[in-house]
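So this block is model_3.txt, compact mmCIF, C-alpha atoms and all ligand atoms:
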# COMPACT_ATOMS: atom_id res chain seq x y z
CA MET A 1 0.00 0.00 0.00
CA ILE A 2 1.32 3.41 -0.97
CA THR A 3 0.95 6.38 1.37
CA ALA A 4 1.11 9.89 -0.04
CA ARG A 5 1.02 13.27 1.63
CA ARG A 6 1.47 15.36 -1.49
CA THR A 7 -0.92 15.88 -4.37
CA GLU A 8 1.93 15.35 -6.84
CA GLU A 9 2.57 11.86 -5.48
CA VAL A 10 -1.09 10.92 -5.96
CA ARG A 11 -1.08 12.33 -9.48
CA ARG A 12 2.10 10.42 -10.35
CA THR A 13 0.62 7.12 -9.14
CA ARG A 14 -2.72 7.91 -10.78
CA SER A 15 -1.11 8.53 -14.16
CA ARG A 16 0.38 5.03 -14.16
CA ILE A 17 -3.02 3.34 -13.72
CA VAL A 18 -4.50 2.89 -17.15
CA ASN A 19 -6.26 -0.46 -17.38
CA GLN A 20 -7.95 -0.57 -13.99
CA THR A 21 -10.97 1.21 -12.59
CA ILE A 22 -10.24 3.45 -9.63
CA GLY A 23 -12.43 3.47 -6.54
CA PHE A 24 -12.18 6.31 -4.05
CA VAL A 25 -13.24 6.52 -0.40
CA PRO A 26 -12.88 10.01 1.11
CA THR A 27 -12.80 10.03 4.93
CA MET A 28 -11.80 12.16 7.88
CA GLY A 29 -9.97 9.20 9.44
CA PHE A 30 -10.24 7.47 12.82
CA LEU A 31 -11.47 4.60 10.70
CA HIS A 32 -14.14 2.17 11.87
CA GLU A 33 -16.25 -0.59 10.32
CA GLY A 34 -18.39 1.97 8.47
CA HIS A 35 -15.37 3.28 6.57
CA LEU A 36 -13.97 -0.22 6.12
CA SER A 37 -17.24 -1.42 4.56
CA LEU A 38 -16.82 1.31 1.93
CA ILE A 39 -13.18 0.37 1.28
CA ARG A 40 -14.10 -3.32 0.94
CA ARG A 41 -16.95 -2.47 -1.41
CA ALA A 42 -14.59 -0.33 -3.50
CA LYS A 43 -12.11 -3.20 -3.63
CA GLN A 44 -14.81 -5.57 -4.87
CA ASP A 45 -15.81 -3.18 -7.66
CA CYS A 46 -12.48 -1.64 -8.68
CA GLY A 47 -8.91 -2.63 -9.52
CA PHE A 48 -7.28 0.17 -7.52
CA VAL A 49 -8.62 1.74 -4.34
CA VAL A 50 -7.66 5.16 -3.01
CA VAL A 51 -8.61 6.27 0.50
CA SER A 52 -8.13 9.84 1.67
CA ILE A 53 -7.82 10.86 5.30
CA PHE A 54 -8.26 14.57 5.86
CA VAL A 55 -10.10 16.44 8.59
CA ASN A 56 -11.37 19.28 6.44
CA PRO A 57 -11.31 22.58 8.37
CA LEU A 58 -13.61 24.20 5.79
CA GLN A 59 -16.60 22.07 6.77
CA PHE A 60 -16.40 22.88 10.48
CA GLY A 61 -18.13 25.98 11.80
CA ALA A 62 -16.94 28.20 14.65
CA GLY A 63 -17.31 26.39 17.97
CA GLU A 64 -17.59 22.96 16.31
CA ASP A 65 -15.27 20.03 17.07
CA TYR A 66 -12.43 20.50 14.55
CA ASP A 67 -9.80 20.56 17.31
CA THR A 68 -11.17 17.59 19.23
CA TYR A 69 -12.03 15.47 16.18
CA PRO A 70 -10.32 12.10 16.91
CA ARG A 71 -7.20 11.21 14.93
CA ASN A 72 -5.05 8.04 14.81
CA GLU A 73 -3.02 7.88 11.64
CA LYS A 74 -1.00 4.75 12.39
CA ASN A 75 -4.03 2.64 13.21
CA ASP A 76 -5.90 4.05 10.19
CA LEU A 77 -3.12 2.98 7.84
CA ASN A 78 -3.19 -0.58 9.20
CA LEU A 79 -6.98 -0.80 8.94
CA ALA A 80 -7.07 0.70 5.44
CA GLN A 81 -4.44 -1.75 4.24
CA GLU A 82 -6.28 -4.75 5.71
CA ALA A 83 -9.52 -3.62 4.06
CA GLY A 84 -7.83 -3.45 0.65
CA ALA A 85 -6.68 0.14 0.08
CA ASP A 86 -3.91 0.49 -2.51
CA LEU A 87 -3.13 4.15 -1.84
CA VAL A 88 -3.88 6.29 1.19
CA PHE A 89 -3.68 10.05 0.68
CA LEU A 90 -3.05 11.98 3.91
CA PRO A 91 -2.71 15.63 2.99
CA GLY A 92 -2.27 18.34 5.60
CA PRO A 93 -4.35 21.55 5.51
CA ASP A 94 -1.49 23.36 3.72
CA GLU A 95 -1.52 20.80 0.93
CA MET A 96 -5.28 21.08 0.41
CA TYR A 97 -5.49 24.85 0.99
CA PRO A 98 -2.08 26.31 0.07
CA LYS A 99 -3.71 29.74 -0.16
CA PRO A 100 -7.15 31.08 0.73
CA MET A 101 -9.73 29.91 -1.83
CA SER A 102 -10.66 32.61 -4.34
CA SER A 103 -13.78 30.84 -5.59
CA SER A 104 -16.38 28.52 -4.12
CA ILE A 105 -19.23 26.24 -5.05
CA ARG A 106 -22.31 27.21 -3.07
CA VAL A 107 -24.79 24.41 -2.48
CA GLU A 108 -28.15 25.95 -3.35
CA LYS A 109 -30.58 23.06 -2.97
CA GLY A 110 -31.21 20.66 -0.15
CA THR A 111 -29.47 22.84 2.45
CA ASP A 112 -32.52 24.51 4.00
CA ILE A 113 -33.15 21.36 6.00
CA LEU A 114 -31.36 18.88 8.31
CA CYS A 115 -27.62 19.59 8.78
CA GLY A 116 -27.70 22.23 6.06
CA ALA A 117 -29.96 24.36 8.24
CA SER A 118 -28.19 23.69 11.54
CA ARG A 119 -24.60 23.94 10.19
CA PRO A 120 -24.58 26.93 7.80
CA GLY A 121 -21.80 26.65 5.21
CA HIS A 122 -21.01 23.05 6.16
CA PHE A 123 -21.94 21.57 2.78
CA ASP A 124 -20.08 24.31 0.89
CA GLY A 125 -16.98 23.12 2.77
CA VAL A 126 -17.79 19.50 1.96
CA VAL A 127 -18.23 20.05 -1.78
CA ALA A 128 -15.06 22.17 -1.88
CA VAL A 129 -12.91 19.40 -0.46
CA VAL A 130 -14.65 16.61 -2.36
CA THR A 131 -14.24 18.49 -5.66
CA LYS A 132 -10.54 19.02 -4.95
CA LEU A 133 -10.13 15.34 -4.03
CA PHE A 134 -12.01 14.20 -7.15
CA ASN A 135 -9.73 16.36 -9.29
CA ILE A 136 -6.63 14.97 -7.61
CA VAL A 137 -7.63 11.28 -7.55
CA GLN A 138 -9.80 11.23 -10.71
CA PRO A 139 -11.72 8.14 -9.61
CA ASP A 140 -14.23 6.17 -11.68
CA PHE A 141 -16.32 5.37 -8.58
CA ALA A 142 -16.55 7.18 -5.24
CA TYR A 143 -18.08 5.59 -2.16
CA PHE A 144 -20.15 7.37 0.49
CA GLY A 145 -22.10 6.15 3.52
CA GLN A 146 -25.85 6.44 3.97
CA LYS A 147 -24.96 7.50 7.53
CA ASP A 148 -24.38 10.95 6.01
CA ALA A 149 -27.37 10.74 3.67
CA GLN A 150 -27.73 14.46 3.03
CA GLN A 151 -24.04 14.67 2.14
CA ALA A 152 -24.34 11.74 -0.30
CA ALA A 153 -27.39 13.31 -1.99
CA ILE A 154 -25.70 16.73 -2.27
CA ILE A 155 -22.53 15.24 -3.74
CA GLU A 156 -24.52 13.20 -6.26
CA THR A 157 -26.28 16.38 -7.42
CA MET A 158 -23.02 18.36 -7.50
CA VAL A 159 -21.41 15.69 -9.69
CA GLN A 160 -24.35 15.94 -12.10
CA ASP A 161 -24.33 19.78 -12.02
CA TYR A 162 -20.64 19.98 -12.87
CA HIS A 163 -20.42 16.92 -15.18
CA ILE A 164 -17.76 15.34 -13.00
CA PRO A 165 -16.94 11.96 -14.53
CA VAL A 166 -17.41 9.83 -11.41
CA THR A 167 -20.14 7.42 -10.33
CA ILE A 168 -21.31 7.90 -6.74
CA VAL A 169 -22.07 4.70 -4.82
CA THR A 170 -23.91 4.94 -1.49
CA SER A 171 -23.58 2.10 1.04
CA PRO A 172 -25.72 1.21 4.08
CA THR A 173 -24.96 2.48 7.59
CA VAL A 174 -22.89 0.10 9.71
CA ARG A 175 -24.05 -0.06 13.33
CA GLU A 176 -22.81 -1.24 16.70
CA PRO A 177 -24.59 -4.39 17.99
CA ASP A 178 -26.87 -2.14 20.08
CA GLY A 179 -27.92 -0.13 17.01
CA LEU A 180 -25.80 3.00 17.47
CA ALA A 181 -24.47 4.11 14.08
CA LYS A 182 -20.69 3.73 13.98
CA SER A 183 -19.03 7.12 13.98
CA SER A 184 -15.51 8.39 14.65
CA ARG A 185 -17.16 10.85 17.04
CA ASN A 186 -18.60 8.10 19.27
CA VAL A 187 -15.33 8.07 21.29
CA ASN A 188 -16.15 11.58 22.44
CA LEU A 189 -19.33 10.41 24.19
CA THR A 190 -19.05 10.00 27.96
CA ALA A 191 -19.61 6.44 29.28
CA GLU A 192 -23.09 7.44 30.41
CA GLU A 193 -23.97 9.04 27.06
CA ARG A 194 -22.63 6.01 25.18
CA LYS A 195 -25.03 3.77 27.16
CA LYS A 196 -28.01 5.93 26.26
CA ALA A 197 -27.09 6.80 22.66
CA PRO A 198 -28.70 3.69 21.03
CA ALA A 199 -32.07 5.28 21.87
CA VAL A 200 -31.48 7.59 18.90
CA TYR A 201 -31.83 4.77 16.37
CA ARG A 202 -34.53 2.97 18.39
CA SER A 203 -36.61 6.16 18.37
CA LEU A 204 -36.16 6.62 14.61
CA GLU A 205 -37.23 3.01 14.02
CA ALA A 206 -40.33 3.49 16.17
CA ALA A 207 -41.16 6.70 14.29
CA VAL A 208 -40.90 4.95 10.92
CA ASP A 209 -43.28 2.22 12.18
CA GLN A 210 -45.75 4.85 13.37
CA MET A 211 -45.66 6.71 10.06
CA LEU A 212 -46.09 3.48 8.12
CA SER A 213 -49.14 2.68 10.20
CA GLY A 214 -50.67 6.00 9.19
CA GLU A 215 -50.02 8.26 12.18
CA ASP A 216 -49.74 11.98 11.52
CA VAL A 217 -46.18 12.91 10.47
CA LYS A 218 -46.01 16.08 12.56
CA ASP A 219 -47.12 14.25 15.71
CA VAL A 220 -44.71 11.38 15.09
CA LEU A 221 -41.76 13.76 14.64
CA ALA A 222 -42.64 15.60 17.84
CA VAL A 223 -42.93 12.35 19.82
CA CYS A 224 -39.68 11.06 18.32
CA SER A 225 -37.86 14.24 19.27
CA SER A 226 -39.15 14.17 22.87
CA ARG A 227 -38.30 10.50 23.18
CA ILE A 228 -34.72 11.02 21.98
CA ALA A 229 -34.26 13.92 24.40
CA ALA A 230 -35.73 11.97 27.33
CA GLU A 231 -33.91 8.69 26.69
CA THR A 232 -30.48 10.03 25.70
CA GLY A 233 -30.29 13.17 27.82
CA GLY A 234 -29.02 14.88 24.67
CA GLN A 235 -30.33 18.03 23.06
CA VAL A 236 -32.19 17.39 19.81
CA ASP A 237 -30.99 19.58 16.98
CA TYR A 238 -33.63 18.30 14.57
CA VAL A 239 -35.81 15.33 13.71
CA GLU A 240 -37.06 15.84 10.18
CA LEU A 241 -38.69 13.98 7.33
CA CYS A 242 -37.85 14.76 3.73
CA THR A 243 -38.11 13.24 0.29
CA TRP A 244 -35.20 11.08 -0.81
CA PRO A 245 -32.97 11.93 -2.56
CA GLU A 246 -34.48 15.39 -3.35
CA LEU A 247 -34.32 16.55 0.30
CA LYS A 248 -37.62 18.44 0.25
CA ARG A 249 -39.48 18.63 3.58
CA ALA A 250 -42.26 16.00 3.60
CA GLY A 251 -45.51 16.51 5.51
CA GLN A 252 -46.96 13.14 4.74
CA VAL A 253 -46.09 9.61 3.74
CA LYS A 254 -47.14 8.70 0.20
CA ALA A 255 -47.05 5.12 -1.09
CA GLY A 256 -44.04 4.48 -3.30
CA GLU A 257 -42.21 7.72 -2.40
CA PRO A 258 -38.82 7.15 -0.72
CA LEU A 259 -38.38 9.24 2.42
CA LEU A 260 -35.48 10.14 4.67
CA LEU A 261 -36.11 10.41 8.40
CA ALA A 262 -33.04 12.03 9.93
CA CYS A 263 -31.94 13.51 13.22
CA ALA A 264 -29.04 15.23 14.94
CA VAL A 265 -28.49 15.17 18.68
CA ARG A 266 -26.02 17.19 20.74
CA PHE A 267 -24.28 15.49 23.64
CA SER A 268 -21.82 17.16 26.02
CA LYS A 269 -18.83 17.09 23.66
CA VAL A 270 -20.22 15.75 20.43
CA ARG A 271 -23.10 16.02 18.01
CA LEU A 272 -24.30 12.77 16.41
CA ILE A 273 -26.47 12.18 13.36
CA ASP A 274 -28.47 9.18 12.19
CA ASN A 275 -31.21 8.39 9.69
CA ILE A 276 -33.45 5.81 8.09
CA ILE A 277 -34.50 5.76 4.42
CA PHE A 278 -37.83 4.01 3.89
CA THR A 279 -40.69 3.69 1.42
CA ALA A 280 -44.35 3.10 2.31
P1 LIG B 1 -16.24 10.56 7.84
O1 LIG B 1 -14.86 10.06 8.08
O2 LIG B 1 -17.12 10.52 9.05
O3 LIG B 1 -16.28 11.86 7.10
O4 LIG B 1 -16.91 9.51 6.85
C1 LIG B 1 -16.31 9.14 5.64
C2 LIG B 1 -17.29 8.31 4.85
O5 LIG B 1 -17.66 7.16 5.62
C3 LIG B 1 -18.59 9.07 4.55
O6 LIG B 1 -19.03 8.73 3.25
C4 LIG B 1 -19.51 8.53 5.61
O7 LIG B 1 -20.87 8.59 5.24
C5 LIG B 1 -19.06 7.10 5.72
N1 LIG B 1 -19.46 6.54 7.02
C6 LIG B 1 -19.25 7.09 8.25
N2 LIG B 1 -19.83 6.33 9.20
C7 LIG B 1 -20.43 5.30 8.56
C8 LIG B 1 -21.20 4.18 8.99
N3 LIG B 1 -21.48 3.96 10.27
N4 LIG B 1 -21.65 3.31 8.05
C9 LIG B 1 -21.39 3.53 6.72
N5 LIG B 1 -20.66 4.55 6.27
C10 LIG B 1 -20.19 5.44 7.16

Here is the file; what I need is its structure written in the form of C-alpha cells.
Amino acid sequence: MITARRTEEVRRTRSRIVNQTIGFVPTMGFLHEGHLSLIRRAKQDCGFVVVSIFVNPLQFGAGEDYDTYPRNEKNDLNLAQEAGADLVFLPGPDEMYPKPMSSSIRVEKGTDILCGASRPGHFDGVVAVVTKLFNIVQPDFAYFGQKDAQQAAIIETMVQDYHIPVTIVTSPTVREPDGLAKSSRNVNLTAEERKKAPAVYRSLEAAVDQMLSGEDVKDVLAVCSSRIAAETGGQVDYVELCTWPELKRAGQVKAGEPLLLACAVRFSKVRLIDNIIFTA
C-alpha cells in the first residue's frame, strides 16, 4: 500500500493506472467498520482503491469540534491496508489549501433542512474538499455512507451539475450491535452518554413504524424528538422527514415515495447524526 502526503505523489501514481478502474473513499480518518465497509466495497468493484484521510477545516463551523475530532493515523493505515486500500492520501491543511480559496461552489438546494440548516456553510466546505479530491484522484467510482445521507445526496447532485466523470455509490450504515451508528465521534461520548445513545436509532425506528401505520407525520416527529431527548439526555438539533434523494421537507407519507427520516443530537462534547430511508 502506498501512502502519499502530497498531491503530486497521488497524481504520479494515478497517471500510471491505465487499465484498472479506480475506486475512491474520502474520509476524515479514525477509521471504523463503516469506513472499512466502503473500502471493501470499493475493492470488490475496482482494480485500484484510493482512501483519503483529511479532517477538512472548511466544513467545520466556529465552535464545532475541529480541534477535538479524533485522529489516529498509524491505526488508520493498518486498517485501510487490511480492508484493501492500494493508496492512502493523507494531505495536511497546507496541501489542500495552500492559499485562501478565491472561488467557491455554493450548495443551493437541499441545504434549508437537516444539517444544512443547523450547520450553515457546512456543505459548501464538503463540496469544496470533495471536488478538490475528485480532481486529484480522478476516480471512476466514489463511495459514500448512507450515515451521512444528506451529504451523499448533495454530492450526487453536484457531480451531475458539474459533469464530473465519477459514479457515486452509497452504502448502508454500519451499526454497533446495540444499534448506534458507527461514527468516529462516538469516542467523544461520555460512558453514560454512550449507554443511552442507542435510543437515537430505536426512536427513529419506532417513528418509521408509526408513520407506516398512518399516524400523523407532525405528531410522530414531535414524539420522536421528545423520546430522543428523554432517553439520551441529549439536546435534539432536529428530527425531520424529507423526500429522498431530493431533500424536500415532507408533511406526509405517500405510497411508493422514498423518504429520509433524519436527526441530529447534541451530547456534552459531540453532536451525532443518524437516519433511516424508507418507502411506504
Ligand atoms: P467521515 O470520516 O465521518 O467523514 O466519513 C467518511 C465516509 O464514511 C462518509 O461517506 C460517511 O458517510 C461514511 N461513514 C461514516 N460512518 C459510517 C457508517 N457507520 N456506516 C457507513 N458509512 C459510514

May I ask you to write as an MDAnalysis selection string all residues lying at most 7 Å from ligand LIG 1 (chain B), with only C-alpha atoms and all ligand atoms counted? chainID A and resid 25:29 31 33:35 37:38 143:148 171:175 181:184

Could you please take those selected residues and save C-alpha atoms as a tab-separated table (two decimals), keeping the file's coordinate frame?
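What landed in out_9.tsv:
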chain	number	residue	atom	x	y	z
A	25	VAL	CA	-13.24	6.52	-0.40
A	26	PRO	CA	-12.88	10.01	1.11
A	27	THR	CA	-12.80	10.03	4.93
A	28	MET	CA	-11.80	12.16	7.88
A	29	GLY	CA	-9.97	9.20	9.44
A	31	LEU	CA	-11.47	4.60	10.70
A	33	GLU	CA	-16.25	-0.59	10.32
A	34	GLY	CA	-18.39	1.97	8.47
A	35	HIS	CA	-15.37	3.28	6.57
A	37	SER	CA	-17.24	-1.42	4.56
A	38	LEU	CA	-16.82	1.31	1.93
A	143	TYR	CA	-18.08	5.59	-2.16
A	144	PHE	CA	-20.15	7.37	0.49
A	145	GLY	CA	-22.10	6.15	3.52
A	146	GLN	CA	-25.85	6.44	3.97
A	147	LYS	CA	-24.96	7.50	7.53
A	148	ASP	CA	-24.38	10.95	6.01
A	171	SER	CA	-23.58	2.10	1.04
A	172	PRO	CA	-25.72	1.21	4.08
A	173	THR	CA	-24.96	2.48	7.59
A	174	VAL	CA	-22.89	0.10	9.71
A	175	ARG	CA	-24.05	-0.06	13.33
A	181	ALA	CA	-24.47	4.11	14.08
A	182	LYS	CA	-20.69	3.73	13.98
A	183	SER	CA	-19.03	7.12	13.98
A	184	SER	CA	-15.51	8.39	14.65

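We find CA of Glu231 (chain A) and CA of Pro120 (chain A) to be spaced 27.9 Å apart.
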
When you look at Ile273 (chain A) with a cut-off of 10 Å (counting only C-alpha atoms), what residues show up, excluding the ones that are within fewer than 6 positions of it in the same chain? I need them as a list of chain:residue names. A:Leu114, A:Cys115, A:Lys147, A:Asp148, A:Ala149, A:Ala181, A:Ser183, A:Val200, A:Tyr201, A:Asp237, A:Tyr238, A:Val239, A:Ala262, A:Cys263, A:Ala264, A:Val265, A:Arg266

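Going from CA of Gly110 (chain A) over to CA of Pro165 (chain A), you cover 22.0 Å.
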
Calculated over only C-alpha atoms, which of the candidates A:Ala62, A:Leu36, A:Val55, A:Met158 has the smallest distance to Glu108 (chain A)?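 Closest residue, counting only C-alpha atoms: A:Met158.
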
Quick one: distance from CA of Pro177 (chain A) to CA of Asp274 (chain A) in Å, one decimal?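 Interatomic distance here is 15.3 Å.
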
Which residue out of A:Ala230, A:Gly84, A:Leu247, A:Leu133 has the minimum interatomic distance to Ile154 (chain A) when only C-alpha atoms are used?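 Nearest candidate to Ile154 (chain A) out of A:Ala230, A:Gly84, A:Leu247, A:Leu133: A:Leu247.
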
Could you check the closest approach to Val10 (chain A) for each of A:Gln150, A:Asn135, A:Ser102, A:Ser203 and tell me which residue wins, using only C-alpha atoms? A:Asn135

Write out as a ChimeraX atom specification which residues come within 10 Å of region 69-83 of chain A when counting all atoms listed in the file, dropping same-chain ones fewer than 4 positions away. /A:1-3,28-33,35-43,49-55,64-65,87-88,90,184-188,270

Pick from A:Glu95, A:Glu257, A:Asp161, A:Asp67 nearest to Val129 (chain A), counting only C-alpha atoms: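 With only C-alpha atoms as the atom set, the closest residue is A:Glu95.
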
I need every residue sitting at most 12 Å from the point (-41.8, 12.2, 5.4) (coordinates as in the file, all atoms listed in the file considered), written as a PyMOL selection string. chain A and resi 207-208+210-212+214-221+239-262+276-280

Write the residues of the preceding selection, restricted to C-alpha atoms, as a PDB file, keeping the file's coordinate frame.
ATOM      1  CA  ALA A 207     -41.160   6.700  14.290  1.00  0.00           C
ATOM      2  CA  VAL A 208     -40.900   4.950  10.920  1.00  0.00           C
ATOM      3  CA  GLN A 210     -45.750   4.850  13.370  1.00  0.00           C
ATOM      4  CA  MET A 211     -45.660   6.710  10.060  1.00  0.00           C
ATOM      5  CA  LEU A 212     -46.090   3.480   8.120  1.00  0.00           C
ATOM      6  CA  GLY A 214     -50.670   6.000   9.190  1.00  0.00           C
ATOM      7  CA  GLU A 215     -50.020   8.260  12.180  1.00  0.00           C
ATOM      8  CA  ASP A 216     -49.740  11.980  11.520  1.00  0.00           C
ATOM      9  CA  VAL A 217     -46.180  12.910  10.470  1.00  0.00           C
ATOM     10  CA  LYS A 218     -46.010  16.080  12.560  1.00  0.00           C
ATOM     11  CA  ASP A 219     -47.120  14.250  15.710  1.00  0.00           C
ATOM     12  CA  VAL A 220     -44.710  11.380  15.090  1.00  0.00           C
ATOM     13  CA  LEU A 221     -41.760  13.760  14.640  1.00  0.00           C
ATOM     14  CA  VAL A 239     -35.810  15.330  13.710  1.00  0.00           C
ATOM     15  CA  GLU A 240     -37.060  15.840  10.180  1.00  0.00           C
ATOM     16  CA  LEU A 241     -38.690  13.980   7.330  1.00  0.00           C
ATOM     17  CA  CYS A 242     -37.850  14.760   3.730  1.00  0.00           C
ATOM     18  CA  THR A 243     -38.110  13.240   0.290  1.00  0.00           C
ATOM     19  CA  TRP A 244     -35.200  11.080  -0.810  1.00  0.00           C
ATOM     20  CA  PRO A 245     -32.970  11.930  -2.560  1.00  0.00           C
ATOM     21  CA  GLU A 246     -34.480  15.390  -3.350  1.00  0.00           C
ATOM     22  CA  LEU A 247     -34.320  16.550   0.300  1.00  0.00           C
ATOM     23  CA  LYS A 248     -37.620  18.440   0.250  1.00  0.00           C
ATOM     24  CA  ARG A 249     -39.480  18.630   3.580  1.00  0.00           C
ATOM     25  CA  ALA A 250     -42.260  16.000   3.600  1.00  0.00           C
ATOM     26  CA  GLY A 251     -45.510  16.510   5.510  1.00  0.00           C
ATOM     27  CA  GLN A 252     -46.960  13.140   4.740  1.00  0.00           C
ATOM     28  CA  VAL A 253     -46.090   9.610   3.740  1.00  0.00           C
ATOM     29  CA  LYS A 254     -47.140   8.700   0.200  1.00  0.00           C
ATOM     30  CA  ALA A 255     -47.050   5.120  -1.090  1.00  0.00           C
ATOM     31  CA  GLY A 256     -44.040   4.480  -3.300  1.00  0.00           C
ATOM     32  CA  GLU A 257     -42.210   7.720  -2.400  1.00  0.00           C
ATOM     33  CA  PRO A 258     -38.820   7.150  -0.720  1.00  0.00           C
ATOM     34  CA  LEU A 259     -38.380   9.240   2.420  1.00  0.00           C
ATOM     35  CA  LEU A 260     -35.480  10.140   4.670  1.00  0.00           C
ATOM     36  CA  LEU A 261     -36.110  10.410   8.400  1.00  0.00           C
ATOM     37  CA  ALA A 262     -33.040  12.030   9.930  1.00  0.00           C
ATOM     38  CA  ILE A 276     -33.450   5.810   8.090  1.00  0.00           C
ATOM     39  CA  ILE A 277     -34.500   5.760   4.420  1.00  0.00           C
ATOM     40  CA  PHE A 278     -37.830   4.010   3.890  1.00  0.00           C
ATOM     41  CA  THR A 279     -40.690   3.690   1.420  1.00  0.00           C
ATOM     42  CA  ALA A 280     -44.350   3.100   2.310  1.00  0.00           C
TER      43      ALA A 280
END

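Across A:Leu272, A:Ala117, A:Ala4, A:Ile136, the tightest approach to Pro91 (chain A) is made by A:Ala4 when counting all atoms listed in the file.
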
Tell me, as a PyMOL selection string, which residues lie within 10 Å of Arg106 (chain A), counting only C-alpha atoms; anything in the same chain fewer than 4 positions away does not count. chain A and resi 121+123-125+127-128+158

Among the residues A:Cys46, A:Ala229, A:Val126, A:Ala197, the one that comes closest to Leu180 (chain A) [using only C-alpha atoms]: A:Ala197

Would you list the residues near (-21.7, 6.5, -10.0) (no more than 10 Å away, in the coordinates of the file, using all atoms listed in the file) as a list in words? Asp140, Phe141, Ala142, Tyr143, Glu156, Val159, Pro165, Val166, Thr167, Ile168, Val169 and Thr170 of chain A

Just want the 8 Å neighbourhood of Glu193 (chain A), counted on only C-alpha atoms, with same-chain residues fewer than 3 positions away dropped. Output as number ranges by chain. A: 189-190, 196-197, 232-233, 267

With C-alpha atoms as the atom set, please write region 1-32 of chain A from the structure just given, as a tab-separated table (two decimals), in the first residue's frame.
chain	number	residue	atom	x	y	z
A	1	MET	CA	0.00	0.00	0.00
A	2	ILE	CA	1.32	3.41	-0.97
A	3	THR	CA	0.95	6.38	1.37
A	4	ALA	CA	1.11	9.89	-0.04
A	5	ARG	CA	1.02	13.27	1.63
A	6	ARG	CA	1.47	15.36	-1.49
A	7	THR	CA	-0.92	15.88	-4.37
A	8	GLU	CA	1.93	15.35	-6.84
A	9	GLU	CA	2.57	11.86	-5.48
A	10	VAL	CA	-1.09	10.92	-5.96
A	11	ARG	CA	-1.08	12.33	-9.48
A	12	ARG	CA	2.10	10.42	-10.35
A	13	THR	CA	0.62	7.12	-9.14
A	14	ARG	CA	-2.72	7.91	-10.78
A	15	SER	CA	-1.11	8.53	-14.16
A	16	ARG	CA	0.38	5.03	-14.16
A	17	ILE	CA	-3.02	3.34	-13.72
A	18	VAL	CA	-4.50	2.89	-17.15
A	19	ASN	CA	-6.26	-0.46	-17.38
A	20	GLN	CA	-7.95	-0.57	-13.99
A	21	THR	CA	-10.97	1.21	-12.59
A	22	ILE	CA	-10.24	3.45	-9.63
A	23	GLY	CA	-12.43	3.47	-6.54
A	24	PHE	CA	-12.18	6.31	-4.05
A	25	VAL	CA	-13.24	6.52	-0.40
A	26	PRO	CA	-12.88	10.01	1.11
A	27	THR	CA	-12.80	10.03	4.93
A	28	MET	CA	-11.80	12.16	7.88
A	29	GLY	CA	-9.97	9.20	9.44
A	30	PHE	CA	-10.24	7.47	12.82
A	31	LEU	CA	-11.47	4.60	10.70
A	32	HIS	CA	-14.14	2.17	11.87
